[in-house]
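Asks: Pasting upload_25.cif below, which is mmCIF, C-alpha atoms.
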```cif
data_entry
loop_
_atom_site.label_atom_id
_atom_site.label_comp_id
_atom_site.auth_asym_id
_atom_site.auth_seq_id
_atom_site.Cartn_x
_atom_site.Cartn_y
_atom_site.Cartn_z
CA MET F 1 193.51 129.53 130.33
CA ILE F 2 191.43 132.66 130.82
CA PRO F 3 189.62 134.05 127.77
CA PRO F 4 190.40 137.59 126.60
CA ALA F 5 188.12 140.44 127.66
CA PHE F 6 184.70 140.72 126.01
CA ASP F 7 181.48 142.70 126.40
CA TYR F 8 178.45 140.74 127.63
CA HIS F 9 174.96 141.38 126.28
CA VAL F 10 171.68 139.87 127.57
CA PRO F 11 168.80 140.52 125.14
CA LYS F 12 165.25 139.80 126.31
CA SER F 13 163.75 139.06 122.88
CA VAL F 14 164.75 137.60 119.53
CA GLY F 15 164.31 141.01 117.91
CA GLU F 16 166.68 142.59 120.40
CA ALA F 17 169.23 139.83 119.84
CA VAL F 18 169.05 140.23 116.04
CA ALA F 19 169.50 144.00 116.40
CA LEU F 20 172.57 143.44 118.56
CA LEU F 21 174.10 141.11 115.97
CA GLY F 22 173.48 143.69 113.27
CA ARG F 23 175.04 146.48 115.31
CA LEU F 24 178.03 144.54 116.66
CA GLY F 25 178.89 142.71 113.42
CA PRO F 26 181.25 139.73 113.10
CA ASP F 27 182.94 140.47 116.45
CA ALA F 28 179.84 139.13 118.24
CA LYS F 29 179.09 135.48 119.05
CA LEU F 30 175.87 133.93 120.30
CA LEU F 31 175.96 132.07 123.62
CA ALA F 32 173.54 129.16 124.03
CA GLY F 33 174.63 126.31 126.32
CA GLY F 34 178.26 127.34 125.91
CA HIS F 35 179.74 123.84 125.78
CA SER F 36 181.51 124.48 122.47
CA LEU F 37 182.14 128.23 122.53
CA LEU F 38 183.47 128.71 126.06
CA PRO F 39 186.20 126.02 125.85
CA MET F 40 187.31 127.53 122.54
CA MET F 41 187.46 130.97 124.17
CA LYS F 42 189.51 129.62 127.08
CA LEU F 43 191.99 128.15 124.61
CA ARG F 44 191.82 131.41 122.62
CA PHE F 45 190.80 129.61 119.46
CA ALA F 46 187.83 131.99 119.52
CA GLN F 47 188.18 135.59 120.69
CA PRO F 48 184.85 137.39 120.25
CA ALA F 49 184.70 140.98 121.41
CA HIS F 50 181.02 140.54 122.33
CA LEU F 51 178.93 137.66 123.71
CA VAL F 52 175.18 137.78 123.10
CA ASP F 53 173.56 135.48 125.67
CA LEU F 54 170.28 133.91 124.46
CA ASN F 55 169.38 132.32 127.79
CA ARG F 56 167.01 135.11 128.90
CA ILE F 57 164.70 134.84 125.87
CA PRO F 58 161.64 132.77 126.91
CA GLU F 59 160.26 132.43 123.37
CA LEU F 60 163.28 130.33 122.40
CA ARG F 61 162.39 127.51 124.81
CA GLY F 62 159.74 124.83 124.85
CA VAL F 63 157.99 122.19 122.75
CA CYS F 64 154.55 122.61 121.19
CA GLU F 65 152.37 121.27 118.38
CA ASP F 66 151.51 123.26 115.27
CA GLY F 67 149.20 121.25 113.03
CA GLY F 68 151.07 118.13 111.99
CA GLU F 69 154.43 119.48 113.13
CA ILE F 70 156.23 119.64 116.45
CA VAL F 71 157.97 122.97 117.09
CA ILE F 72 161.00 122.98 119.38
CA GLY F 73 162.53 126.22 120.59
CA ALA F 74 166.22 126.39 119.77
CA MET F 75 167.20 127.04 123.41
CA THR F 76 165.38 123.93 124.67
CA VAL F 77 167.88 121.82 126.63
CA GLU F 78 168.44 118.09 126.14
CA ASN F 79 166.79 117.13 129.43
CA ASP F 80 163.63 118.96 128.36
CA LEU F 81 163.61 116.95 125.12
CA ILE F 82 163.87 113.76 127.16
CA ALA F 83 161.04 114.81 129.49
CA SER F 84 158.66 116.20 126.85
CA PRO F 85 155.36 114.23 126.67
CA ILE F 86 154.76 115.66 123.19
CA LEU F 87 158.05 114.34 121.84
CA GLN F 88 157.65 111.01 123.60
CA ALA F 89 154.30 110.55 121.86
CA LYS F 90 154.91 112.21 118.50
CA VAL F 91 158.68 112.06 117.76
CA PRO F 92 160.13 109.46 120.15
CA LEU F 93 163.47 109.34 118.33
CA LEU F 94 164.44 112.71 119.81
CA PRO F 95 164.06 111.93 123.54
CA GLU F 96 165.61 108.51 123.03
CA ALA F 97 168.64 109.95 121.22
CA ALA F 98 169.03 112.81 123.70
CA ARG F 99 169.68 110.25 126.44
CA LEU F 100 172.82 109.20 124.51
CA ILE F 101 174.26 112.73 124.38
CA ALA F 102 177.19 113.46 126.69
CA ASP F 103 176.35 113.29 130.43
CA PRO F 104 173.66 114.61 132.82
CA GLN F 105 175.45 117.92 133.43
CA VAL F 106 175.74 118.65 129.73
CA ARG F 107 172.17 117.55 129.05
CA ASN F 108 170.97 120.01 131.69
CA ARG F 109 172.58 122.98 129.92
CA GLY F 110 173.24 121.98 126.33
CA THR F 111 170.61 123.14 123.83
CA ILE F 112 169.30 121.54 120.66
CA GLY F 113 169.80 124.78 118.72
CA GLY F 114 173.37 125.25 119.87
CA ASP F 115 174.18 121.67 118.89
CA ILE F 116 172.76 122.28 115.40
CA ALA F 117 174.07 125.80 114.77
CA HIS F 118 177.65 124.88 115.70
CA GLY F 119 177.87 122.70 112.60
CA ASP F 120 180.13 120.08 114.16
CA PRO F 121 179.73 116.72 112.35
CA ALA F 122 180.40 114.98 115.68
CA ASN F 123 177.29 116.53 117.24
CA ASP F 124 174.20 114.34 117.31
CA HIS F 125 171.33 116.64 116.35
CA PRO F 126 172.49 117.44 112.80
CA ALA F 127 172.09 113.81 111.67
CA LEU F 128 168.95 113.36 113.76
CA SER F 129 167.36 116.44 112.17
CA ILE F 130 168.14 115.17 108.67
CA ALA F 131 166.66 111.74 109.42
CA LEU F 132 163.56 113.46 110.85
CA ASP F 133 163.19 115.69 107.76
CA ALA F 134 163.31 118.74 110.05
CA THR F 135 163.04 122.36 109.00
CA PHE F 136 164.95 125.15 110.75
CA GLU F 137 163.54 128.62 111.34
CA LEU F 138 166.19 131.35 111.08
CA GLU F 139 165.54 134.97 112.01
CA GLY F 140 167.62 137.95 110.87
CA PRO F 141 167.21 141.62 110.00
CA LYS F 142 165.19 140.71 106.89
CA GLY F 143 162.73 138.60 108.84
CA ARG F 144 162.28 134.87 109.31
CA ARG F 145 163.06 132.13 106.78
CA ARG F 146 162.95 128.34 106.78
CA VAL F 147 165.71 125.99 105.68
CA LYS F 148 165.50 122.19 105.41
CA ALA F 149 167.96 120.40 107.65
CA GLU F 150 169.46 118.58 104.69
CA ALA F 151 170.44 121.92 103.08
CA PHE F 152 171.67 123.58 106.28
CA PHE F 153 175.01 121.85 106.87
CA HIS F 154 177.73 122.86 104.40
CA GLY F 155 180.85 121.44 106.07
CA THR F 156 182.68 121.31 109.38
CA TYR F 157 181.50 124.35 111.41
CA MET F 158 179.91 125.76 108.23
CA THR F 159 176.15 126.15 107.97
CA GLU F 160 173.46 128.13 106.16
CA LEU F 161 173.13 130.42 109.20
CA ALA F 162 174.29 133.97 108.39
CA GLU F 163 176.31 136.02 110.87
CA ASP F 164 173.32 138.25 111.59
CA GLU F 165 170.79 135.41 111.97
CA ILE F 166 169.62 133.33 114.90
CA LEU F 167 168.29 129.77 114.79
CA VAL F 168 165.00 130.21 116.63
CA ALA F 169 163.11 126.91 116.16
CA ILE F 170 163.24 123.40 114.82
CA ARG F 171 160.10 122.05 113.15
CA VAL F 172 159.71 118.26 112.89
CA PRO F 173 156.85 116.33 111.26
CA ALA F 174 155.00 114.17 113.77
CA PHE F 175 155.52 110.48 113.11
CA ALA F 176 152.90 108.76 111.00
CA PRO F 177 151.35 105.58 112.44
CA LYS F 178 153.62 102.53 112.32
CA THR F 179 156.81 104.57 111.97
CA GLY F 180 159.99 102.91 113.16
CA TRP F 181 162.98 104.80 114.50
CA ALA F 182 166.44 104.24 115.93
CA TYR F 183 169.72 106.00 116.68
CA GLU F 184 172.72 103.71 117.02
CA LYS F 185 175.90 105.37 118.25
CA LEU F 186 179.30 103.80 118.81
CA LYS F 187 181.48 105.67 121.30
CA ARG F 188 184.54 104.82 123.35
CA LYS F 189 183.04 105.83 126.70
CA THR F 190 180.04 107.58 128.23
CA GLY F 191 180.01 111.23 127.27
CA ASP F 192 182.28 110.86 124.26
CA TRP F 193 181.48 111.93 120.73
CA ALA F 194 180.47 109.18 118.33
CA THR F 195 183.04 107.14 116.48
CA ALA F 196 180.12 106.63 114.10
CA GLY F 197 176.39 107.06 114.50
CA ALA F 198 173.36 106.27 112.34
CA ALA F 199 169.83 107.69 112.62
CA VAL F 200 166.97 105.91 110.86
CA VAL F 201 163.27 106.73 110.41
CA MET F 202 161.31 104.22 108.35
CA GLY F 203 158.03 102.55 107.53
CA MET F 204 157.19 99.09 106.20
CA SER F 205 154.23 97.80 104.24
CA GLY F 206 153.49 94.21 103.26
CA GLY F 207 156.86 93.07 104.58
CA THR F 208 158.89 95.53 102.48
CA VAL F 209 160.42 98.93 103.21
CA SER F 210 157.99 101.63 102.04
CA ARG F 211 159.83 104.74 103.27
CA VAL F 212 163.16 105.39 104.95
CA ARG F 213 165.57 108.19 105.82
CA ILE F 214 169.13 107.48 106.98
CA ALA F 215 171.66 110.00 108.27
CA PHE F 216 175.14 109.66 109.77
CA THR F 217 177.02 111.32 112.61
CA ASN F 218 180.78 111.96 112.46
CA VAL F 219 181.69 110.06 109.28
CA ALA F 220 182.03 113.06 106.93
CA PRO F 221 182.82 116.79 107.12
CA ALA F 222 179.11 117.41 107.81
CA ALA F 223 176.10 115.36 108.83
CA LEU F 224 175.42 113.03 105.94
CA ARG F 225 172.25 111.63 104.40
CA ALA F 226 172.73 108.19 102.86
CA THR F 227 170.34 108.45 99.91
CA ALA F 228 171.89 105.55 97.98
CA ALA F 229 171.39 103.30 100.99
CA GLU F 230 167.77 104.42 101.18
CA GLN F 231 167.24 103.52 97.51
CA ALA F 232 168.78 100.10 98.14
CA LEU F 233 166.07 99.44 100.73
CA LEU F 234 162.89 100.79 99.17
CA GLY F 235 160.43 98.14 98.02
CA LYS F 236 162.51 95.28 99.41
CA PRO F 237 162.24 93.02 102.45
CA LEU F 238 164.68 93.78 105.24
CA ASP F 239 166.64 90.54 104.90
CA ALA F 240 170.37 89.91 105.20
CA ALA F 241 171.06 90.65 101.54
CA THR F 242 169.19 93.95 101.62
CA LEU F 243 170.89 94.99 104.86
CA ASP F 244 174.30 94.23 103.34
CA ALA F 245 173.47 96.20 100.19
CA ALA F 246 172.29 99.18 102.22
CA ALA F 247 175.37 99.08 104.44
CA GLN F 248 177.70 98.95 101.44
CA ALA F 249 175.91 101.87 99.80
CA ALA F 250 176.11 103.86 103.04
CA MET F 251 179.80 103.12 103.57
CA ALA F 252 180.58 104.24 100.02
CA VAL F 253 179.67 107.87 100.83
CA CYS F 254 181.50 108.05 104.16
CA ASP F 255 184.51 110.35 104.36
CA PRO F 256 185.59 110.34 108.03
CA ALA F 257 188.55 112.17 109.52
CA GLU F 258 191.15 110.07 111.30
CA ASP F 259 191.55 110.75 115.02
CA LEU F 260 191.96 108.92 118.32
CA ARG F 261 188.64 107.16 117.72
CA GLY F 262 189.97 105.33 114.68
CA ASP F 263 191.29 105.49 111.14
CA ARG F 264 189.17 105.95 108.03
CA GLU F 265 188.71 102.24 107.39
CA TYR F 266 187.59 101.48 110.93
CA LYS F 267 185.17 104.41 111.12
CA THR F 268 183.69 103.55 107.73
CA ALA F 269 183.23 99.91 108.74
CA MET F 270 181.57 100.99 111.99
CA ALA F 271 179.20 103.25 110.05
CA GLY F 272 178.07 100.17 108.14
CA GLN F 273 177.48 98.28 111.37
CA MET F 274 175.59 101.18 112.97
CA VAL F 275 173.23 101.50 110.02
CA LYS F 276 172.49 97.77 110.11
CA ARG F 277 171.70 97.92 113.82
CA ALA F 278 169.56 101.04 113.42
CA LEU F 279 167.59 99.53 110.54
CA LEU F 280 166.84 96.34 112.44
CA LYS F 281 165.75 98.24 115.56
CA ALA F 282 163.63 100.66 113.55
CA ALA F 283 161.98 97.83 111.64
CA SER F 284 161.07 96.11 114.91
CA ARG F 285 159.10 99.24 115.86
CA CYS F 286 157.07 99.52 112.67
CA ALA F 287 154.26 97.30 113.89
#
```
Spell out the structure here as structure tokens.
Replies:
Amino acid sequence: MIPPAFDYHVPKSVGEAVALLGRLGPDAKLLAGGHSLLPMMKLRFAQPAHLVDLNRIPELRGVCEDGGEIVIGAMTVENDLIASPILQAKVPLLPEAARLIADPQVRNRGTIGGDIAHGDPANDHPALSIALDATFELEGPKGRRRVKAEAFFHGTYMTELAEDEILVAIRVPAFAPKTGWAYEKLKRKTGDWATAGAAVVMGMSGGTVSRVRIAFTNVAPAALRATAAEQALLGKPLDAATLDAAAQAAMAVCDPAEDLRGDREYKTAMAGQMVKRALLKAASRCA
């Protein structure tokens, strides 16, 4: 189908884009990579009167260091995450996980900020950002504010981002020495969304788990942190009993929607398997 008519706006700065959102109101939608919005417009599930294209704003792209944090522009595409020497050295989970997202064409256009701001629990970056303890920078007419990733996702397609705000950057703490990481994602075929996915960032000391963050993709109405599973691991060796306890605690908070990828029981069981695999891989990298 062909989308209904709309006005097209191409701001050259974040300030100009924010001003446009304020002037145009709720009839305006932001265009990043377009992989979610444009198909919805073609099906007429979304019918914005105005599109505000963020692709001509240079300040929204790139990866840099700021003290102990890595700052990623919201319009940075997946392939740039994969290729970034800074991320490969400081936050290797992100380039590794980006290789599992969709296909080369999508990775060449799809942006990390668009993936996050859309608020789809099937997208990969929401869970990754929670596991990484990321902070999002949002800019609106009242200035810039920061929101922790864990507090950003409210439900399916619902986030902390206001209608007149733009996600401008993602800030991620650089990994401490001997940090382990993994993203395990079960999908039916290359390019598909996850049936279930688990992101893990952890550290071990003296043979026991000293720190860990676990987050899930596509097993709840929003990206989900498995805090009970984390508590089941802390201070314990990563043996079979501990892995089973962590998986059971993680599965207990899953609330997946049934679809062609499986029913609730199957998806929940696969979440348990993904977290086990991710924990074992992450632990192997803690040396």
Asks: Hey, what comes out of the PyMOL selection byres ((chain F and resi 94) around 10) on this file? Could you write it as a ChimeraX atom specification?
Replies: /F:78,81-82,84,87-88,90-93,95-99,125,128-129,132,181-183
Asks: Just the number, please: distance in Å from CA of Asn108 in chain F to CA of Val77 in chain F, one decimal.
Replies: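 Interatomic distance, CA of Asn108 in chain F to CA of Val77 in chain F: 6.2 Å.
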Asks: Determine, counting only C-alpha atoms, which protein, DNA and RNA residues have an atom within 7 Å of an atom of range 207-213 of chain F; residues of the same chain fewer than 4 positions away are not included. Present the result as JSON, numbers by chain.
Replies: {"F": [131, 200, 201, 202, 203, 230, 233, 234, 235, 236, 237, 238]}
Asks: Determine the nearest neighbour of Asn123 in chain F from the options F:Thr111, F:Gln105, F:Thr242, F:Thr268, counting all atoms listed in the file.
Replies: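 Among the listed residues, the smallest separation from Asn123 in chain F belongs to F:Thr111.
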Asks: Can you spell out as a count of residues only the set of residues that the PyMOL selection byres ((chain F and resi 215) around 9) selects in the structure I just provided?
Replies: 20
Asks: Where does the PyMOL selection byres ((chain F and resi 218) around 6) land in this file, that is, which residues does it pick, as a PyMOL selection string?
Replies: chain F and resi 121-122+196+217+219-220
Asks: Give me the residues within 8 Å of range 148-163 of chain F as a ChimeraX atom specification, counting only C-alpha atoms and dropping any in the same chain fewer than 3 places off.
Replies: /F:21,25-26,117-121,126,129-130,133-136,138,166-167,221-223,225
Asks: Please indicate the distance in Å from CA of Ser36 in chain F to CA of Trp193 in chain F, rounded to one decimal place.
Replies: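 Going from CA of Ser36 in chain F over to CA of Trp193 in chain F, I get 12.7 Å.
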Asks: I'd like to know which of F:Ala249, F:Pro173, F:Glu184, F:Gly33 is closest to Val71 in chain F, using all atoms listed in the file.
Replies: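 Using all atoms listed in the file, the shortest distance to Val71 in chain F belongs to F:Pro173.
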Asks: Which one is closest to Pro3 in chain F: F:Pro39, F:Gly34, F:Pro58, F:Gly22? Count only C-alpha atoms.
Replies: F:Pro39
Asks: Smallest atom-to-atom distance to Ala283 in chain F: which of F:Ile57, F:Leu30, F:Ala228, F:Leu243, using all atoms listed in the file?
Replies: F:Leu243
Asks: Within 9 Å of Leu51 in chain F, counting all atoms listed in the file, which residues show up once you throw out same-chain ones fewer than 2 positions away? Write them as a PyMOL selection string, please.
Replies: chain F and resi 6-10+27-31+48-49+53
Asks: I need every residue sitting at most 12 Å from the point (181.5, 105.6, 122.9) (coordinates as in the file, only C-alpha atoms considered), written as JSON, numbers by chain.
Replies: {"F": [100, 101, 102, 103, 122, 184, 185, 186, 187, 188, 189, 190, 191, 192, 193, 194, 195, 196, 197, 260, 261, 262, 270]}
Asks: Considering all atoms listed in the file, state which residue in the set F:Asp244, F:Asp66, F:Gly140, F:Asn79 is at the smallest distance from Glu16 in chain F.
Replies: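 For Glu16 in chain F, the nearest of the candidates is F:Gly140.
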Asks: Mind working out the centre and edge lengths of an axis-aligned box for range 143-162 of chain F, all listed atoms inside, 8 Å added to each side, rounded to one decimal in Å and written as AutoDock Vina command-line options?
Replies:
```
--center_x 172.5 --center_y 128.6 --center_z 107.2 --size_x 36.4 --size_y 36.0 --size_z 24.3
```
Asks: For a test of reading the model, state the distance in Å between CA of Ala169 in chain F and CA of Gly113 in chain F, rounded to one decimal.
Replies: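 Atom-to-atom, CA of Ala169 in chain F to CA of Gly113 in chain F, that is 7.5 Å.
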Asks: Could you add N, CA and C atoms to range 157-191 of chain F and give me the result as a PDB file, in the coordinates of the input?
Replies:
```pdb
ATOM      1  N   TYR F 157     181.738 123.016 110.831  1.00  0.00           N
ATOM      2  CA  TYR F 157     181.500 124.350 111.410  1.00  0.00           C
ATOM      3  C   TYR F 157     180.967 125.347 110.378  1.00  0.00           C
ATOM      4  N   MET F 158     180.473 124.875 109.252  1.00  0.00           N
ATOM      5  CA  MET F 158     179.910 125.760 108.230  1.00  0.00           C
ATOM      6  C   MET F 158     178.450 125.391 107.996  1.00  0.00           C
ATOM      7  N   THR F 159     177.576 126.384 108.134  1.00  0.00           N
ATOM      8  CA  THR F 159     176.150 126.150 107.970  1.00  0.00           C
ATOM      9  C   THR F 159     175.522 127.270 107.144  1.00  0.00           C
ATOM     10  N   GLU F 160     174.233 127.136 106.900  1.00  0.00           N
ATOM     11  CA  GLU F 160     173.460 128.130 106.160  1.00  0.00           C
ATOM     12  C   GLU F 160     173.186 129.377 107.007  1.00  0.00           C
ATOM     13  N   LEU F 161     173.432 129.309 108.302  1.00  0.00           N
ATOM     14  CA  LEU F 161     173.130 130.420 109.200  1.00  0.00           C
ATOM     15  C   LEU F 161     174.063 131.596 108.949  1.00  0.00           C
ATOM     16  N   ALA F 162     173.486 132.764 108.633  1.00  0.00           N
ATOM     17  CA  ALA F 162     174.290 133.970 108.390  1.00  0.00           C
ATOM     18  C   ALA F 162     174.746 134.562 109.720  1.00  0.00           C
ATOM     19  N   GLU F 163     175.762 135.434 109.656  1.00  0.00           N
ATOM     20  CA  GLU F 163     176.310 136.020 110.870  1.00  0.00           C
ATOM     21  C   GLU F 163     175.301 136.862 111.630  1.00  0.00           C
ATOM     22  N   ASP F 164     174.319 137.396 110.932  1.00  0.00           N
ATOM     23  CA  ASP F 164     173.320 138.250 111.590  1.00  0.00           C
ATOM     24  C   ASP F 164     171.990 137.532 111.801  1.00  0.00           C
ATOM     25  N   GLU F 165     172.002 136.200 111.769  1.00  0.00           N
ATOM     26  CA  GLU F 165     170.790 135.410 111.970  1.00  0.00           C
ATOM     27  C   GLU F 165     170.888 134.564 113.231  1.00  0.00           C
ATOM     28  N   ILE F 166     169.727 134.196 113.736  1.00  0.00           N
ATOM     29  CA  ILE F 166     169.620 133.330 114.900  1.00  0.00           C
ATOM     30  C   ILE F 166     168.733 132.141 114.536  1.00  0.00           C
ATOM     31  N   LEU F 167     169.154 130.944 114.898  1.00  0.00           N
ATOM     32  CA  LEU F 167     168.290 129.770 114.790  1.00  0.00           C
ATOM     33  C   LEU F 167     167.280 129.850 115.929  1.00  0.00           C
ATOM     34  N   VAL F 168     166.003 129.989 115.598  1.00  0.00           N
ATOM     35  CA  VAL F 168     165.000 130.210 116.630  1.00  0.00           C
ATOM     36  C   VAL F 168     164.158 128.965 116.923  1.00  0.00           C
ATOM     37  N   ALA F 169     163.974 128.078 115.932  1.00  0.00           N
ATOM     38  CA  ALA F 169     163.110 126.910 116.160  1.00  0.00           C
ATOM     39  C   ALA F 169     163.445 125.788 115.199  1.00  0.00           C
ATOM     40  N   ILE F 170     163.102 124.599 115.630  1.00  0.00           N
ATOM     41  CA  ILE F 170     163.240 123.400 114.820  1.00  0.00           C
ATOM     42  C   ILE F 170     161.840 122.804 114.665  1.00  0.00           C
ATOM     43  N   ARG F 171     161.423 122.605 113.437  1.00  0.00           N
ATOM     44  CA  ARG F 171     160.100 122.050 113.150  1.00  0.00           C
ATOM     45  C   ARG F 171     160.273 120.625 112.623  1.00  0.00           C
ATOM     46  N   VAL F 172     159.570 119.681 113.241  1.00  0.00           N
ATOM     47  CA  VAL F 172     159.710 118.260 112.890  1.00  0.00           C
ATOM     48  C   VAL F 172     158.330 117.671 112.626  1.00  0.00           C
ATOM     49  N   PRO F 173     158.134 116.990 111.494  1.00  0.00           N
ATOM     50  CA  PRO F 173     156.850 116.330 111.260  1.00  0.00           C
ATOM     51  C   PRO F 173     156.579 115.254 112.318  1.00  0.00           C
ATOM     52  N   ALA F 174     155.377 115.241 112.843  1.00  0.00           N
ATOM     53  CA  ALA F 174     155.000 114.170 113.770  1.00  0.00           C
ATOM     54  C   ALA F 174     155.034 112.829 113.030  1.00  0.00           C
ATOM     55  N   PHE F 175     155.433 111.793 113.735  1.00  0.00           N
ATOM     56  CA  PHE F 175     155.520 110.480 113.110  1.00  0.00           C
ATOM     57  C   PHE F 175     154.135 109.997 112.662  1.00  0.00           C
ATOM     58  N   ALA F 176     154.100 109.438 111.467  1.00  0.00           N
ATOM     59  CA  ALA F 176     152.900 108.760 111.000  1.00  0.00           C
ATOM     60  C   ALA F 176     152.736 107.448 111.767  1.00  0.00           C
ATOM     61  N   PRO F 177     151.517 106.880 111.794  1.00  0.00           N
ATOM     62  CA  PRO F 177     151.350 105.580 112.440  1.00  0.00           C
ATOM     63  C   PRO F 177     152.296 104.538 111.846  1.00  0.00           C
ATOM     64  N   LYS F 178     152.747 103.647 112.697  1.00  0.00           N
ATOM     65  CA  LYS F 178     153.620 102.530 112.320  1.00  0.00           C
ATOM     66  C   LYS F 178     154.980 103.002 111.772  1.00  0.00           C
ATOM     67  N   THR F 179     155.455 104.108 112.308  1.00  0.00           N
ATOM     68  CA  THR F 179     156.810 104.570 111.970  1.00  0.00           C
ATOM     69  C   THR F 179     157.808 103.931 112.921  1.00  0.00           C
ATOM     70  N   GLY F 180     158.905 103.435 112.358  1.00  0.00           N
ATOM     71  CA  GLY F 180     159.990 102.910 113.160  1.00  0.00           C
ATOM     72  C   GLY F 180     161.131 103.893 113.231  1.00  0.00           C
ATOM     73  N   TRP F 181     161.893 103.834 114.312  1.00  0.00           N
ATOM     74  CA  TRP F 181     162.980 104.800 114.500  1.00  0.00           C
ATOM     75  C   TRP F 181     164.103 104.151 115.302  1.00  0.00           C
ATOM     76  N   ALA F 182     165.310 104.687 115.133  1.00  0.00           N
ATOM     77  CA  ALA F 182     166.440 104.240 115.930  1.00  0.00           C
ATOM     78  C   ALA F 182     167.615 105.191 115.731  1.00  0.00           C
ATOM     79  N   TYR F 183     168.441 105.304 116.768  1.00  0.00           N
ATOM     80  CA  TYR F 183     169.720 106.000 116.680  1.00  0.00           C
ATOM     81  C   TYR F 183     170.757 105.113 117.333  1.00  0.00           C
ATOM     82  N   GLU F 184     171.656 104.584 116.527  1.00  0.00           N
ATOM     83  CA  GLU F 184     172.720 103.710 117.020  1.00  0.00           C
ATOM     84  C   GLU F 184     174.034 104.483 116.971  1.00  0.00           C
ATOM     85  N   LYS F 185     174.719 104.506 118.100  1.00  0.00           N
ATOM     86  CA  LYS F 185     175.900 105.370 118.250  1.00  0.00           C
ATOM     87  C   LYS F 185     177.017 104.586 118.928  1.00  0.00           C
ATOM     88  N   LEU F 186     178.129 104.444 118.230  1.00  0.00           N
ATOM     89  CA  LEU F 186     179.300 103.800 118.810  1.00  0.00           C
ATOM     90  C   LEU F 186     180.214 104.874 119.392  1.00  0.00           C
ATOM     91  N   LYS F 187     180.558 104.730 120.665  1.00  0.00           N
ATOM     92  CA  LYS F 187     181.480 105.670 121.300  1.00  0.00           C
ATOM     93  C   LYS F 187     182.381 104.921 122.261  1.00  0.00           C
ATOM     94  N   ARG F 188     183.539 105.509 122.526  1.00  0.00           N
ATOM     95  CA  ARG F 188     184.540 104.820 123.350  1.00  0.00           C
ATOM     96  C   ARG F 188     184.129 104.759 124.813  1.00  0.00           C
ATOM     97  N   LYS F 189     183.420 105.769 125.299  1.00  0.00           N
ATOM     98  CA  LYS F 189     183.040 105.830 126.700  1.00  0.00           C
ATOM     99  C   LYS F 189     181.827 106.744 126.836  1.00  0.00           C
ATOM    100  N   THR F 190     181.168 106.693 127.969  1.00  0.00           N
ATOM    101  CA  THR F 190     180.040 107.580 128.230  1.00  0.00           C
ATOM    102  C   THR F 190     180.468 109.026 128.143  1.00  0.00           C
ATOM    103  N   GLY F 191     179.708 109.815 127.407  1.00  0.00           N
ATOM    104  CA  GLY F 191     180.010 111.230 127.270  1.00  0.00           C
ATOM    105  C   GLY F 191     180.850 111.581 126.072  1.00  0.00           C
TER     106      GLY F 191
END
```
